[in-house]
Amino acid sequence: MRYVYLDNGATSFPKAPGVAESISDYILNVGTNVNRGAYSLSYKAENIVYETRELICEIFSFDKPENVVFTKNITESMNVLIKGLLKEGDHAIVSSMEHNAVMRPLNSLGNKVEYTKVQCNRLGELTIEDVINSIKPNTKAVIMSHASNVCGTISDLENVGKICKENDIFFIIDSAQTAGFLDMDFKNLNADAIGFTGHKGLLGPQGIGGFIVNDKISGEINTLIEGGTGSLSDSEVQPDYMPDKFEAGTLNIPGIYGLNASLKYILNHGIKDIREREIYLLDKFLEDLLNMKNINLIGKSTSTDRTGILSIDFTNKDNGLVAYELSKEYGIMTRSGLHCAPSAHKTLGTFPRGTVRFSLSHFTTLEEIKYSIDCINNILSKGR
């Protein structure tokens with residue numbers, strides 16, 4: 001059986017060329033910790049770690065490598081940012097399209113922190129005036145995903161950022177679905193913090209992510225984890241300077257080596273070319289899907305202001321069974337269900353049924369798209 005991977009919204013596959021080799025090089029030929037040893041192999045690893053911070057700066061048009069913090073994934077990043085920033089009596093604003101990486105940390109704060117969920121429309125689109133109308137005297141932060149992991153709709157965060165700047169409100173962005181797909185400029189977005197993950201659009205391995213912060217917000221965020229950093233070892237208090245403040249314990253250095261290779265691939269290949277390729281494939285997919293009966297395409301019907309993610313509700317079939325049949329009978333890998341984003345599905349009208357999500361990569365081929373369309377038609381032609 002052939003296999004077609006269309007679940008890049010969960011994690012990218014294949015990874016960028018050079019990722020496996022870079023990880024292998026570290027494990028086989030370097031293997032040391034960083035900031036702990038005064039020997040050549042340790043310095044070699046430290047140089048790669050710092051270079052990777054610089055590459056993240058290039059991806060986000062950011063200018064402070066020391067303010068690039070590594071975590072294990074964007075979920076950890078959002079937990080550090082949300083729980084570290086918001087204090088009792090604060091108010092936050094989110095959209096109704098948020099992933100549980102935002103909603104669960106917020107809800108874990110209980111009654112101490114209030115939040116307003118700005119309702120998006122059935123296409124997943126945000127209305128800027130609703131954000132403005134949600135601001136209160138105690139609003140501390142606006143926290144929003146750049147694009148939906150369910151339907152791919154991209155939010156107008158540049159205008160949200162302007163509102164935050166005008167009202168002296170911190171702006172935190174979840175870039176899980178857009179880093180490596182969109183050209184992102186930290187200053188143009190008026191961001192104070194951006195969380196990222198290495199294993200999706202950045203085409204790196206699992207287990208490595210992070211966040212970037214400006215000096216204003218970094219001083220406001222309390223640490224979530226404290227411990228050894230290799231610095232100020234004479235003190236039992238966590239250093240308060242970057243990035244040591246947030247990087248307690250041993251980093252995922254193999255993951256950073258892999259991310260280093262994937263970032264170089266993206267920057268050499270060009271984010272613009274990657275995006276154009278994905279949109280080309282998405283247009284071909286949409287063209288055929290829109291002519292099918294007994295399916296609902298969730299979200300926008302065009303590729304404008306969206307990523308390479310689309311969700312389908314099979315109206316006369318069980319979505320979970322469709323995803324199972326696509327995998328078992330045809331080797332097509334998708335993801336069905338609620339995608340860790342129940343609020344988004346309620347917004348889109350697909351809760352609790354969920355959808356079958358197809359998420360493309362620029363490595364996806366046009367032949368794989370055509371094959372997937374044929375297989376969907378085969379499934380639709382069968383009885384219930």
# chains A, B, ... in the order shown; residues from 1 in each chain; ligands from 1
>>> residues_around(residues="range 45-50 of chain A", least_positions_apart="3", cutoff="6 Å", atoms="only C-alpha atoms", output="list of chain:residue names")
A:Val34, A:Ser42, A:Arg53
>>> write_last_selection(atoms="C-alpha atoms", output="PDB file, in the first residue's frame")
ATOM      1  CA  VAL A  34      26.332  23.524  27.048  1.00  0.00           C
ATOM      2  CA  SER A  42      31.152  22.074  24.717  1.00  0.00           C
ATOM      3  CA  ARG A  53      18.855  31.623  18.388  1.00  0.00           C
TER       4      ARG A  53
END
>>> select_by_dssp(residues="range 110-257 of chain A", states="strand (DSSP E)", output="list of chain:residue names")
A:Glu114, A:Tyr115, A:Thr116, A:Lys117, A:Val118, A:Thr139, A:Lys140, A:Ala141, A:Val142, A:Ile143, A:Met144, A:Ser145, A:Phe170, A:Phe171, A:Ile172, A:Ile173, A:Asp174, A:Ala193, A:Ile194, A:Gly195, A:Phe196, A:Thr197, A:Gly209, A:Gly210, A:Phe211, A:Ile212, A:Val213
>>> select_by_dssp(residues="range 157-351 of chain A", states="alpha helix (DSSP H)", output="MDAnalysis selection string")
chainID A and resid 157:166 215:218 253:269 271:289 319:330 342:348
>>> residues_around(residues="Ile271 in chain A", least_positions_apart="3", cutoff="9 Å", atoms="only C-alpha atoms", output="PDB file with C-alpha atoms, in the first residue's frame")
ATOM      1  CA  ILE A  59      12.568  33.842  10.917  1.00  0.00           C
ATOM      2  CA  GLY A 180       7.693  28.879   8.499  1.00  0.00           C
ATOM      3  CA  PHE A 181       4.599  29.593   6.380  1.00  0.00           C
ATOM      4  CA  LEU A 182       4.159  33.350   6.793  1.00  0.00           C
ATOM      5  CA  ASP A 183       6.776  36.072   6.835  1.00  0.00           C
ATOM      6  CA  ILE A 266      13.655  27.308   5.280  1.00  0.00           C
ATOM      7  CA  LEU A 267      15.754  30.468   5.020  1.00  0.00           C
ATOM      8  CA  ASN A 268      17.644  29.127   1.994  1.00  0.00           C
ATOM      9  CA  ILE A 274       7.156  27.485   0.583  1.00  0.00           C
ATOM     10  CA  ARG A 275       3.898  29.384   1.072  1.00  0.00           C
ATOM     11  CA  GLU A 276       3.213  29.728  -2.658  1.00  0.00           C
TER      12      GLU A 276
END
>>> atom_distance(atom1="CA of Glu76 in chain A", atom2="CA of Gly354 in chain A")
25.4 Å
>>> decode(residues="range 48-61 of chain A", atoms="C-alpha atoms", output="PDB file, in the first residue's frame")
ATOM      1  CA  ILE A  48      25.229  25.836  17.461  1.00  0.00           C
ATOM      2  CA  VAL A  49      22.768  26.775  20.206  1.00  0.00           C
ATOM      3  CA  TYR A  50      23.576  30.473  19.817  1.00  0.00           C
ATOM      4  CA  GLU A  51      23.468  30.234  16.028  1.00  0.00           C
ATOM      5  CA  THR A  52      20.016  28.661  16.292  1.00  0.00           C
ATOM      6  CA  ARG A  53      18.855  31.623  18.388  1.00  0.00           C
ATOM      7  CA  GLU A  54      20.113  33.883  15.599  1.00  0.00           C
ATOM      8  CA  LEU A  55      18.250  31.824  12.980  1.00  0.00           C
ATOM      9  CA  ILE A  56      15.023  32.157  14.977  1.00  0.00           C
ATOM     10  CA  CYS A  57      15.637  35.911  14.948  1.00  0.00           C
ATOM     11  CA  GLU A  58      15.823  35.788  11.132  1.00  0.00           C
ATOM     12  CA  ILE A  59      12.568  33.842  10.917  1.00  0.00           C
ATOM     13  CA  PHE A  60      10.707  36.404  13.052  1.00  0.00           C
ATOM     14  CA  SER A  61      12.661  39.553  12.081  1.00  0.00           C
TER      15      SER A  61
END
